[in-house]
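Here is the file target.csv (CSV, C-alpha atoms and all ligand atoms).
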```csv
chain,number,residue,atom,x,y,z
A,1,MET,CA,141.1,114.4,28.3
A,2,GLN,CA,143.6,116.9,29.7
A,3,THR,CA,147.3,116.4,29.5
A,4,ALA,CA,149.5,117.0,32.6
A,5,PRO,CA,151.0,120.4,33.3
A,6,ALA,CA,154.7,120.5,32.5
A,7,HIS,CA,155.8,120.4,36.2
A,8,GLN,CA,153.9,117.1,36.6
A,9,SER,CA,155.8,115.3,33.9
A,10,ASP,CA,157.9,112.9,36.0
A,11,LYS,CA,156.8,109.3,35.6
A,12,SER,CA,155.0,109.0,39.0
A,13,ARG,CA,152.8,112.0,38.0
A,14,ILE,CA,151.5,111.2,34.5
A,15,ALA,CA,148.6,113.3,35.6
A,16,ARG,CA,145.8,112.6,33.2
A,17,SER,CA,142.1,113.0,33.7
A,18,PHE,CA,139.5,110.6,32.3
A,19,ALA,CA,135.8,110.5,32.5
A,20,ASP,CA,135.8,106.9,33.7
A,21,VAL,CA,138.0,103.8,34.1
A,22,GLY,CA,136.7,102.4,30.8
A,23,SER,CA,138.2,105.5,29.1
A,24,VAL,CA,141.6,104.8,30.8
A,25,VAL,CA,141.6,101.3,29.4
A,26,MET,CA,140.7,102.5,25.9
A,27,ALA,CA,143.3,105.3,25.9
A,28,ILE,CA,146.2,103.5,27.5
A,29,GLU,CA,145.5,99.8,27.3
A,30,PRO,CA,147.9,99.6,30.3
A,31,SER,CA,150.0,96.5,30.7
A,32,TYR,CA,151.2,97.9,34.1
A,33,PRO,CA,149.0,98.6,37.1
A,34,VAL,CA,147.3,102.0,37.2
A,35,PHE,CA,145.9,103.8,40.3
A,36,CYS,CA,142.7,105.5,39.4
A,37,LEU,CA,142.3,108.5,41.7
A,38,ARG,CA,138.8,110.0,42.1
A,39,PRO,CA,139.4,113.6,43.2
A,40,ARG,CA,135.7,114.2,43.9
A,41,VAL,CA,135.4,111.2,46.2
A,42,LEU,CA,138.6,112.3,48.0
A,43,GLU,CA,137.5,115.9,48.4
A,44,ALA,CA,134.1,114.8,49.7
A,45,ALA,CA,135.7,112.5,52.3
A,46,ALA,CA,138.1,115.3,53.5
A,47,ARG,CA,135.3,117.9,53.7
A,48,ARG,CA,133.0,115.5,55.5
A,49,PHE,CA,135.6,114.7,58.1
A,50,MET,CA,136.5,118.3,58.6
A,51,THR,CA,132.8,119.2,59.0
A,52,LEU,CA,132.1,116.4,61.5
A,53,PHE,CA,135.3,116.6,63.6
A,54,PRO,CA,135.3,119.1,66.5
A,55,GLY,CA,138.9,120.3,65.9
A,56,THR,CA,141.8,120.5,63.6
A,57,VAL,CA,142.3,117.7,61.0
A,58,LEU,CA,145.9,116.5,60.2
A,59,TYR,CA,146.2,114.2,57.3
A,60,ALA,CA,148.4,111.2,58.1
A,61,VAL,CA,150.8,111.5,55.1
A,62,LYS,CA,152.2,108.0,55.4
A,63,CYS,CA,148.8,106.5,54.4
A,64,ASN,CA,149.1,107.7,50.8
A,65,PRO,CA,151.8,110.3,50.1
A,66,HIS,CA,151.3,110.6,46.4
A,67,PRO,CA,151.5,114.2,45.3
A,68,MET,CA,148.2,114.0,43.4
A,69,VAL,CA,146.5,112.8,46.6
A,70,LEU,CA,148.0,115.6,48.7
A,71,ASP,CA,147.1,118.2,46.1
A,72,VAL,CA,143.5,117.2,46.2
A,73,LEU,CA,143.4,117.2,50.0
A,74,TYR,CA,145.0,120.6,50.1
A,75,ARG,CA,142.5,121.9,47.6
A,76,ALA,CA,139.7,120.5,49.8
A,77,GLY,CA,141.0,122.6,52.7
A,78,ILE,CA,143.4,120.3,54.6
A,79,ARG,CA,146.2,122.5,55.9
A,80,HIS,CA,147.7,120.3,58.6
A,81,PHE,CA,149.8,117.2,58.1
A,82,ASP,CA,150.9,114.4,60.4
A,83,THR,CA,154.4,113.6,59.3
A,84,ALA,CA,157.0,111.1,60.6
A,85,SER,CA,160.2,111.8,58.6
A,86,LEU,CA,162.1,114.6,57.0
A,87,PRO,CA,161.1,113.6,53.4
A,88,GLU,CA,157.4,113.9,54.5
A,89,ILE,CA,158.0,117.2,56.2
A,90,ALA,CA,159.9,118.5,53.1
A,91,GLN,CA,157.1,117.3,50.8
A,92,VAL,CA,154.4,119.2,52.7
A,93,HIS,CA,156.6,122.3,53.3
A,94,GLU,CA,157.7,122.6,49.7
A,95,ALA,CA,154.5,121.9,47.9
A,96,TYR,CA,152.0,123.8,50.2
A,97,PRO,CA,152.7,127.4,51.2
A,98,ARG,CA,150.0,127.3,53.9
A,99,GLY,CA,150.6,123.7,55.0
A,100,HIS,CA,151.8,122.9,58.5
A,101,ALA,CA,153.6,119.7,59.4
A,102,TYR,CA,153.7,118.2,62.8
A,103,PHE,CA,156.4,115.7,63.8
A,104,MET,CA,154.4,112.8,65.2
A,105,HIS,CA,157.0,110.1,65.3
A,106,PRO,CA,158.0,109.2,68.9
A,107,VAL,CA,161.6,108.2,67.8
A,108,LYS,CA,163.6,110.6,65.7
A,109,GLY,CA,167.2,110.9,64.6
A,110,ARG,CA,169.1,113.9,66.1
A,111,ALA,CA,170.0,115.4,62.7
A,112,VAL,CA,166.4,115.0,61.6
A,113,ILE,CA,165.1,116.9,64.7
A,114,LYS,CA,167.6,119.6,64.1
A,115,ASN,CA,166.7,119.9,60.5
A,116,ALA,CA,162.9,119.8,61.2
A,117,TYR,CA,163.3,122.7,63.6
A,118,THR,CA,165.9,124.9,61.9
A,119,VAL,CA,165.1,124.3,58.2
A,120,TYR,CA,161.3,123.8,58.4
A,121,GLY,CA,160.4,125.5,61.6
A,122,ILE,CA,158.5,122.5,63.0
A,123,ARG,CA,157.1,123.3,66.5
A,124,HIS,CA,155.2,120.2,67.4
A,125,TYR,CA,157.1,117.0,68.4
A,126,VAL,CA,155.7,113.7,69.8
A,127,VAL,CA,157.7,111.9,72.5
A,128,ASP,CA,157.0,108.8,74.6
A,129,HIS,CA,160.3,108.6,76.6
A,130,ALA,CA,162.4,110.9,78.7
A,131,SER,CA,165.5,110.3,76.5
A,132,GLU,CA,163.5,111.4,73.5
A,133,LEU,CA,162.4,114.6,75.3
A,134,ASP,CA,166.0,115.3,76.1
A,135,LYS,CA,167.0,114.8,72.5
A,136,VAL,CA,164.4,117.2,71.2
A,137,LEU,CA,165.3,119.8,73.7
A,138,GLU,CA,169.0,119.5,73.0
A,139,GLU,CA,168.7,119.6,69.2
A,140,THR,CA,166.2,122.4,69.1
A,141,GLY,CA,167.4,124.5,72.0
A,142,GLY,CA,164.0,124.2,73.5
A,143,GLU,CA,162.5,127.5,72.5
A,144,ASN,CA,158.9,127.7,71.3
A,145,LEU,CA,158.1,124.0,71.3
A,146,VAL,CA,154.9,122.0,71.8
A,147,ILE,CA,155.9,118.6,73.3
A,148,ILE,CA,153.1,116.1,72.7
A,149,VAL,CA,153.3,113.0,74.8
A,150,ARG,CA,152.1,109.8,73.1
A,151,LEU,CA,150.1,107.8,75.5
A,152,HIS,CA,149.9,104.0,75.4
A,153,THR,CA,146.3,102.8,75.1
A,154,PRO,CA,145.2,99.2,75.7
A,155,PRO,CA,145.0,96.9,72.7
A,156,VAL,CA,141.6,97.0,70.9
A,157,GLU,CA,140.2,93.8,69.5
A,158,ALA,CA,138.1,95.8,67.0
A,159,ALA,CA,141.2,97.4,65.4
A,160,LEU,CA,143.2,95.8,62.7
A,161,TYR,CA,146.6,97.0,64.0
A,162,HIS,CA,147.6,97.7,67.5
A,163,LEU,CA,149.5,100.9,67.0
A,164,ALA,CA,150.3,101.3,70.6
A,165,ALA,CA,152.2,98.0,70.6
A,166,LYS,CA,155.5,99.7,69.8
A,167,PHE,CA,154.9,103.3,70.9
A,168,GLY,CA,153.3,105.1,73.8
A,169,ALA,CA,154.2,106.0,77.4
A,170,GLN,CA,152.3,104.2,80.2
A,171,PRO,CA,150.2,106.6,82.3
A,172,ASP,CA,152.8,107.0,85.1
A,173,GLN,CA,155.5,107.8,82.5
A,174,ALA,CA,153.2,110.2,80.6
A,175,VAL,CA,152.6,112.1,83.8
A,176,GLU,CA,156.3,112.5,84.4
A,177,LEU,CA,156.9,113.5,80.8
A,178,LEU,CA,154.2,116.2,80.8
A,179,ARG,CA,155.7,117.6,84.1
A,180,ALA,CA,159.2,117.5,82.7
A,181,ALA,CA,158.3,119.2,79.4
A,182,GLN,CA,156.3,121.9,81.3
A,183,ALA,CA,159.2,122.4,83.8
A,184,ARG,CA,161.5,123.1,80.9
A,185,GLY,CA,159.2,125.8,79.5
A,186,CYS,CA,157.5,123.9,76.7
A,187,ASP,CA,153.9,123.9,75.8
A,188,THR,CA,152.5,120.4,76.1
A,189,GLY,CA,149.9,118.1,74.6
A,190,LEU,CA,148.8,114.5,74.7
A,191,ALA,CA,148.2,112.1,71.8
A,192,PHE,CA,147.1,108.5,71.3
A,193,HIS,CA,146.3,106.1,68.4
A,194,VAL,CA,143.7,103.4,69.1
A,195,GLY,CA,144.8,101.3,66.1
A,196,SER,CA,143.9,101.4,62.4
A,197,GLN,CA,140.5,100.5,61.0
A,198,CYS,CA,139.0,100.6,64.5
A,199,ARG,CA,135.5,99.3,64.4
A,200,ASP,CA,134.5,100.3,68.0
A,201,PRO,CA,133.7,104.0,68.4
A,202,SER,CA,133.6,103.8,72.2
A,203,VAL,CA,137.4,103.2,72.3
A,204,TYR,CA,138.0,106.9,71.6
A,205,ARG,CA,135.9,108.0,74.6
A,206,LYS,CA,137.8,105.5,76.9
A,207,ALA,CA,141.2,106.8,75.6
A,208,LEU,CA,140.1,110.4,76.2
A,209,ALA,CA,139.1,109.5,79.8
A,210,LEU,CA,142.7,108.1,80.3
A,211,CYS,CA,144.0,111.4,78.9
A,212,GLY,CA,141.9,113.3,81.4
A,213,GLU,CA,143.4,111.3,84.3
A,214,VAL,CA,146.9,111.8,83.1
A,215,ILE,CA,146.4,115.5,82.6
A,216,ALA,CA,144.9,115.9,86.1
A,217,ARG,CA,147.6,113.8,87.8
A,218,ALA,CA,150.3,115.8,86.1
A,219,GLY,CA,148.7,119.1,86.9
A,220,ALA,CA,149.3,119.8,83.2
A,221,ASP,CA,147.9,122.7,81.3
A,222,PRO,CA,148.0,121.2,77.7
A,223,VAL,CA,147.5,123.3,74.6
A,224,CYS,CA,146.5,120.4,72.4
A,225,LEU,CA,145.0,116.9,72.6
A,226,ASP,CA,145.3,114.5,69.6
A,227,VAL,CA,142.9,111.6,69.1
A,228,GLY,CA,145.0,110.1,66.3
A,229,GLY,CA,143.7,108.1,63.4
A,230,GLY,CA,142.0,104.7,63.2
A,231,PHE,CA,138.7,105.8,61.7
A,232,PRO,CA,137.6,102.8,59.5
A,233,VAL,CA,136.1,102.3,56.1
A,234,THR,CA,133.8,99.6,54.7
A,235,TYR,CA,135.5,96.7,52.9
A,236,ALA,CA,133.9,93.9,50.9
A,237,ASN,CA,134.2,91.7,54.1
A,238,MET,CA,133.7,94.4,56.7
A,239,GLU,CA,130.9,96.7,57.7
A,240,VAL,CA,131.8,99.6,60.0
A,241,PRO,CA,129.8,102.0,62.2
A,242,PRO,CA,129.2,105.4,60.6
A,243,LEU,CA,131.7,108.2,61.2
A,244,GLU,CA,129.1,110.2,63.1
A,245,ASP,CA,129.2,107.5,65.9
A,246,TYR,CA,132.9,108.1,66.3
A,247,MET,CA,132.4,111.9,66.5
A,248,ASP,CA,129.7,111.4,69.1
A,249,GLU,CA,132.0,109.4,71.3
A,250,ILE,CA,134.8,111.9,70.8
A,251,ARG,CA,132.5,114.8,71.7
A,252,ALA,CA,131.3,113.0,74.8
A,253,GLY,CA,134.8,112.0,75.8
A,254,LEU,CA,136.0,115.6,75.5
A,255,LYS,CA,133.1,116.9,77.5
A,256,GLU,CA,133.7,114.5,80.3
A,257,ILE,CA,137.3,115.6,80.8
A,258,ALA,CA,136.3,119.3,80.6
A,259,LEU,CA,139.4,120.8,79.0
A,260,LYS,CA,139.8,124.5,78.8
A,261,PRO,CA,138.1,125.8,75.6
A,262,THR,CA,141.5,127.0,74.3
A,263,VAL,CA,142.8,123.5,74.1
A,264,GLU,CA,143.2,122.6,70.4
A,265,VAL,CA,141.9,119.1,69.5
A,266,PHE,CA,143.6,117.2,66.7
A,267,ALA,CA,142.7,114.1,64.7
A,268,GLU,CA,145.1,112.4,62.3
A,269,PRO,CA,142.9,110.4,59.8
A,270,GLY,CA,144.6,108.5,57.1
A,271,ARG,CA,142.6,105.5,55.8
A,272,VAL,CA,139.1,107.1,56.2
A,273,LEU,CA,140.1,110.0,53.9
A,274,VAL,CA,141.8,108.1,51.1
A,275,ALA,CA,140.7,104.4,51.0
A,276,GLU,CA,137.7,104.8,48.8
A,277,ALA,CA,139.2,107.5,46.5
A,278,CYS,CA,141.6,105.1,44.7
A,279,SER,CA,141.0,102.0,42.8
A,280,LEU,CA,143.7,99.9,41.0
A,281,LEU,CA,143.5,98.7,37.4
A,282,VAL,CA,145.4,95.5,36.9
A,283,GLN,CA,145.6,93.3,33.8
A,284,VAL,CA,145.2,89.5,33.5
A,285,GLN,CA,148.4,88.1,32.0
A,286,LEU,CA,147.5,84.4,32.1
A,287,ARG,CA,144.5,82.3,33.0
A,288,LYS,CA,144.9,78.7,34.2
A,289,ASP,CA,141.4,77.5,34.9
A,290,ASP,CA,140.3,79.4,38.1
A,291,GLN,CA,143.7,80.9,38.6
A,292,LEU,CA,144.4,84.4,37.2
A,293,TYR,CA,147.9,85.8,37.0
A,294,ILE,CA,147.8,89.6,37.3
A,295,ASN,CA,150.4,92.4,37.2
A,296,ASP,CA,150.2,93.6,40.8
A,297,GLY,CA,150.2,91.7,44.1
A,298,ILE,CA,151.2,91.6,47.8
A,299,TYR,CA,154.7,93.0,47.2
A,300,GLY,CA,153.1,95.9,45.2
A,301,SER,CA,149.9,97.8,45.9
A,302,LEU,CA,148.0,95.0,47.6
A,303,SER,CA,150.3,94.1,50.6
A,304,GLU,CA,147.7,95.1,53.2
A,305,MET,CA,145.4,92.3,52.0
A,306,ALA,CA,148.1,89.8,53.0
A,307,GLN,CA,148.8,91.4,56.4
A,308,VAL,CA,145.3,91.7,57.6
A,309,ASP,CA,142.0,90.3,56.6
A,310,LEU,CA,140.7,92.9,54.1
A,311,ARG,CA,138.8,92.1,51.0
A,312,MET,CA,138.3,94.6,48.2
A,313,PRO,CA,135.4,94.8,45.6
A,314,ALA,CA,136.5,94.0,42.0
A,315,ARG,CA,135.0,94.3,38.6
A,316,LEU,CA,136.0,93.1,35.1
A,317,ILE,CA,136.7,95.6,32.3
A,318,ARG,CA,137.0,94.2,28.8
A,319,LEU,CA,137.8,96.4,25.8
A,320,GLY,CA,134.6,96.3,23.7
A,321,GLY,CA,132.6,94.7,26.6
A,322,GLY,CA,130.8,91.5,26.1
A,323,ALA,CA,132.0,89.5,29.1
A,324,SER,CA,129.8,86.7,30.5
A,325,GLU,CA,127.0,87.5,32.9
A,326,THR,CA,127.7,84.4,34.9
A,327,ALA,CA,130.2,84.9,37.8
A,328,ARG,CA,132.7,82.4,39.1
A,329,ALA,CA,135.3,82.6,41.9
A,330,PHE,CA,138.9,83.2,40.9
A,331,VAL,CA,142.2,83.2,42.7
A,332,LEU,CA,144.4,86.2,41.9
A,333,ASN,CA,148.1,85.6,41.7
A,334,GLY,CA,150.6,88.4,41.9
A,335,PRO,CA,153.5,89.0,39.4
A,336,THR,CA,156.5,88.2,41.5
A,337,CYS,CA,158.1,84.7,41.6
A,338,ASP,CA,157.4,84.3,45.3
A,339,SER,CA,154.7,81.6,45.9
A,340,LEU,CA,153.4,83.8,48.8
A,341,ASP,CA,152.4,86.4,46.2
A,342,VAL,CA,148.7,85.3,46.0
A,343,LEU,CA,145.8,87.5,47.1
A,344,PRO,CA,143.8,85.9,50.0
A,345,GLY,CA,140.4,84.6,49.2
A,346,THR,CA,138.7,84.6,45.9
A,347,PHE,CA,137.2,87.2,43.6
A,348,GLU,CA,133.8,86.9,41.8
A,349,LEU,CA,134.4,87.7,38.2
A,350,PRO,CA,132.7,86.8,34.9
A,351,GLU,CA,133.4,83.1,34.1
A,352,ASP,CA,135.0,83.8,30.8
A,353,VAL,CA,137.8,86.1,32.1
A,354,ARG,CA,140.7,85.9,29.7
A,355,GLU,CA,144.2,87.1,29.1
A,356,GLY,CA,144.2,90.8,28.3
A,357,ASP,CA,141.1,91.7,30.4
A,358,TRP,CA,141.5,94.3,33.1
A,359,ILE,CA,140.2,94.0,36.7
A,360,GLU,CA,139.5,97.1,38.7
A,361,ILE,CA,140.0,96.6,42.4
A,362,GLY,CA,138.3,99.2,44.7
A,363,GLN,CA,139.0,100.6,48.1
A,364,VAL,CA,142.8,100.6,47.7
A,365,GLY,CA,143.7,104.3,48.4
A,366,ALA,CA,145.1,103.6,51.9
A,367,TYR,CA,148.4,101.8,52.6
A,368,SER,CA,148.7,100.5,49.0
A,369,TYR,CA,151.0,102.7,46.9
A,370,ALA,CA,152.7,103.7,50.1
A,371,LEU,CA,153.7,100.1,50.9
A,372,ALA,CA,154.8,98.9,47.5
A,373,THR,CA,158.2,97.4,47.1
A,374,ARG,CA,160.4,97.0,44.0
A,375,PHE,CA,160.7,93.3,44.5
A,376,ASN,CA,161.4,91.4,41.3
A,377,GLY,CA,161.4,94.7,39.3
A,378,PHE,CA,157.7,95.4,39.7
A,379,TYR,CA,156.9,98.8,41.0
A,380,PRO,CA,153.4,100.3,40.6
A,381,GLU,CA,153.5,104.1,40.5
A,382,THR,CA,151.2,105.3,37.7
A,383,PHE,CA,148.3,107.5,38.8
A,384,VAL,CA,145.5,108.9,36.7
A,385,GLU,CA,142.3,110.8,37.6
A,386,VAL,CA,138.9,109.5,36.8
A,387,ASP,CA,135.4,110.8,37.6
A,388,ASP,CA,133.1,107.8,37.7
A,389,ALA,CA,131.8,105.9,40.7
A,390,PRO,CA,134.2,103.6,42.5
A,391,PRO,CA,133.5,99.8,42.3
A,392,ALA,CA,130.5,98.9,44.4
A,393,GLN,CA,130.9,97.8,48.0
A,394,THR,CA,129.2,94.5,48.8
A,395,ALA,CA,129.6,94.2,52.6
B,1,LIG,C1,149.3,105.7,60.8
B,1,LIG,C2,149.0,106.8,61.7
B,1,LIG,C3,147.8,107.5,61.5
B,1,LIG,C4,146.8,107.2,60.5
B,1,LIG,O1,146.1,106.1,60.9
B,1,LIG,P1,144.7,105.6,60.1
B,1,LIG,O2,144.4,104.4,60.8
B,1,LIG,O3,145.1,105.4,58.7
B,1,LIG,O4,143.7,106.7,60.2
B,1,LIG,C5,147.6,108.6,62.4
B,1,LIG,N1,148.5,108.9,63.4
B,1,LIG,C6,149.7,108.2,63.6
B,1,LIG,C7,150.6,108.6,64.7
B,1,LIG,C8,149.9,107.1,62.8
B,1,LIG,O5,151.0,106.4,63.0
```
Kindly present the structure from the file in structure tokens form.
Amino acid sequence: MQTAPAHQSDKSRIARSFADVGSVVMAIEPSYPVFCLRPRVLEAAARRFMTLFPGTVLYAVKCNPHPMVLDVLYRAGIRHFDTASLPEIAQVHEAYPRGHAYFMHPVKGRAVIKNAYTVYGIRHYVVDHASELDKVLEETGGENLVIIVRLHTPPVEAALYHLAAKFGAQPDQAVELLRAAQARGCDTGLAFHVGSQCRDPSVYRKALALCGEVIARAGADPVCLDVGGGFPVTYANMEVPPLEDYMDEIRAGLKEIALKPTVEVFAEPGRVLVAEACSLLVQVQLRKDDQLYINDGIYGSLSEMAQVDLRMPARLIRLGGGASETARAFVLNGPTCDSLDVLPGTFELPEDVREGDWIEIGQVGAYSYALATRFNGFYPETFVEVDDAPPAQTA
């Protein structure tokens, strides 16, 4: 076991490495939730995506901004980051000398734009409205900018979230925005996001075709084209097509719109890089028949389970072992006093689960830590590193 370097000593970075999750339980016997980060899994996911994607990979920081996660991604070779706020930009800029942040939020405060440009030297800004374009030009002075127009794409049934519901210019507006940005001397680009956990690879090709139409109509000469995130991972209740299928569709889509070879292609993956790389170790605080009361829930690390229908694999860990071989379905209740704080569905666990046992929940690297609240005084923020295999997927 290694102890943390001095600079990682603040509470959110009790960076300790363990051979496996069992060793974490033995060493800490944690009564609070612990994220178990698997650096090798994370590095492999990042390298795989970078190998397969025909362009530049920007990690979507919002998906899991923990410094230990970003450190591993940087070590794996990720140098570009999709950021949406000044704190995210600062985090990238200050921790990673060769990291580049891109300002991908279509609605930004004036002071934030000014700071992003003057303090951090950010060149790339997403806009989806003429007023936002004006704002960016006014606050930066308009020199040396790449204005990326976020294009609205139709809702996709196979995606868990419709990320174009709130943002994105309709094709007519996007044409106008590209022309306006170009007329004011900016380099231009186009971006879209098909929705997170998108299970239909063909959606990317269709979105690229729409980009091609908009570019042609605008007579634009873009320097970049951004296919966004949305690449899915397997959950206990959800099989997904292989990443290769997505890349095939993207390649085909790019070929069909025949961009100049100098156009830089971006992707902004979040979930697909980090989901599998973190599990969550929770403790059973009380058992009432088939009801287990655990120390994390929908206001903490597991809020995504309550928002969309995602089920995670889970396994029991008991100090000294010896749990029953017979499984039974249990309901997991979160720690807050809100009666909504119950995880959907049931979890198959040994029938003799008891107070003090731990449960390791897998596939929780994405939109978990990032979404946790401090409701009722519970705030999960402890990360450790482990090197064993993540809990098995059963989909
Ligand atoms: C959230 C987000 C992403 C990451 O999406 P995933 O589905 O996690 O891959 C990428 N780009 C933008 C603009 C986003 O808002």
*What's the 8 Å shell around stretch 251-256 of chain A, counting all atoms listed in the file, without same-chain residues fewer than 6 positions away, as a PyMOL selection string?*
chain A and resi 54+204-206+208-209
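All residues, whether protein, DNA or RNA, that have an atom at most 6 Å from ligand LIG 1 (chain B) (counting all atoms listed in the file) are Ala60, Cys63, Met104, Ser196, Gln197, Gly228, Gly229, Gly230, Phe231, Glu268, Pro269, Gly270 and Arg271 of chain A.
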Skip A:Val342 itself and residues of its chain fewer than 4 positions away, then list as a list of chain:residue names all residues within 12 Å of it, counting all atoms listed in the file.
A:Gln291, A:Leu292, A:Tyr293, A:Ile294, A:Asn295, A:Asp296, A:Gly297, A:Ile298, A:Tyr299, A:Gly300, A:Leu302, A:Ser303, A:Met305, A:Ala306, A:Phe330, A:Val331, A:Leu332, A:Asn333, A:Gly334, A:Pro335, A:Thr336, A:Cys337, A:Asp338, A:Thr346, A:Phe347
Find the residues near stretch 351-353 of chain A: any atom within 6 Å, counting all atoms listed in the file, skip ones fewer than 6 places away on the same chain, and give them as a compact mmCIF listing (two decimals) with C-alpha atoms, in the frame of the given file.
```
# COMPACT_ATOMS: atom_id res chain seq x y z
CA SER A 324 129.80 86.70 30.50
CA THR A 326 127.70 84.40 34.90
CA ALA A 327 130.20 84.90 37.80
CA ARG A 328 132.70 82.40 39.10
```
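Proximity to A:Gly185 was assessed for A:Ser85, A:Ser17, A:Thr56, A:Asn144 counting all atoms listed in the file; the smallest distance is recorded for A:Asn144.
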Report as a short mmCIF file (atom, residue, chain, number, x, y, z; two decimals) with C-alpha atoms, keeping the file's coordinate frame all protein, DNA and RNA residues lying within 8 Å of A:Glu276, evaluated on all atoms listed in the file, omitting residues in the same chain fewer than 6 positions from it.
```cif
data_model
loop_
_atom_site.label_atom_id
_atom_site.label_comp_id
_atom_site.auth_asym_id
_atom_site.auth_seq_id
_atom_site.Cartn_x
_atom_site.Cartn_y
_atom_site.Cartn_z
CA VAL A 41 135.40 111.20 46.20
CA LEU A 42 138.60 112.30 48.00
CA VAL A 233 136.10 102.30 56.10
CA GLY A 362 138.30 99.20 44.70
CA GLN A 363 139.00 100.60 48.10
CA VAL A 364 142.80 100.60 47.70
CA GLY A 365 143.70 104.30 48.40
CA PRO A 390 134.20 103.60 42.50
#
```
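Distance check against A:Leu286 using only C-alpha atoms: of A:Glu139, A:Glu239, A:Glu249, A:Glu355, the minimum falls on A:Glu355.
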Residue with the minimum atom-to-atom distance to A:Pro241, picked from A:Lys260, A:Arg287, A:Arg75, A:Arg199 with all atoms listed in the file counted, is A:Arg199
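Using only C-alpha atoms, the shortest contact distance between A:Ala169 and any of A:Leu225, A:Val240, A:Ala370, A:Ala191 is found at A:Ala191.
Atom CA of A:Val308 lies 27.5 Å from atom CA of A:Asp357.
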Q) What's the 7 Å shell around A:Arg311, counting only C-alpha atoms, without same-chain residues fewer than 2 positions away, as a ChimeraX atom specification? A) /A:235-237,305,309,313
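Relative to atom CA of A:Asp20, atom CA of A:Ile317 is found at 11.4 Å.
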A straight line from atom CA of A:His124 to atom CA of A:Leu160 spans 27.6 Å
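Each of A:Ala181, A:Leu133, A:Val282, A:Val61 was compared to A:Pro380 using only C-alpha atoms, and A:Val282 turns out to be the nearest.
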Using only C-alpha atoms - which residues lie no farther than 12 Å from the point (146.1, 111.2, 84.1) in the file's frame? Write them as number ranges by chain.
A: 149, 151-152, 169-179, 190, 207-221, 257
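Nearest to A:Phe375 of all the residues A:Glu348, A:Asp341, A:Asp134, A:Glu304 is A:Asp341, counting all atoms listed in the file.
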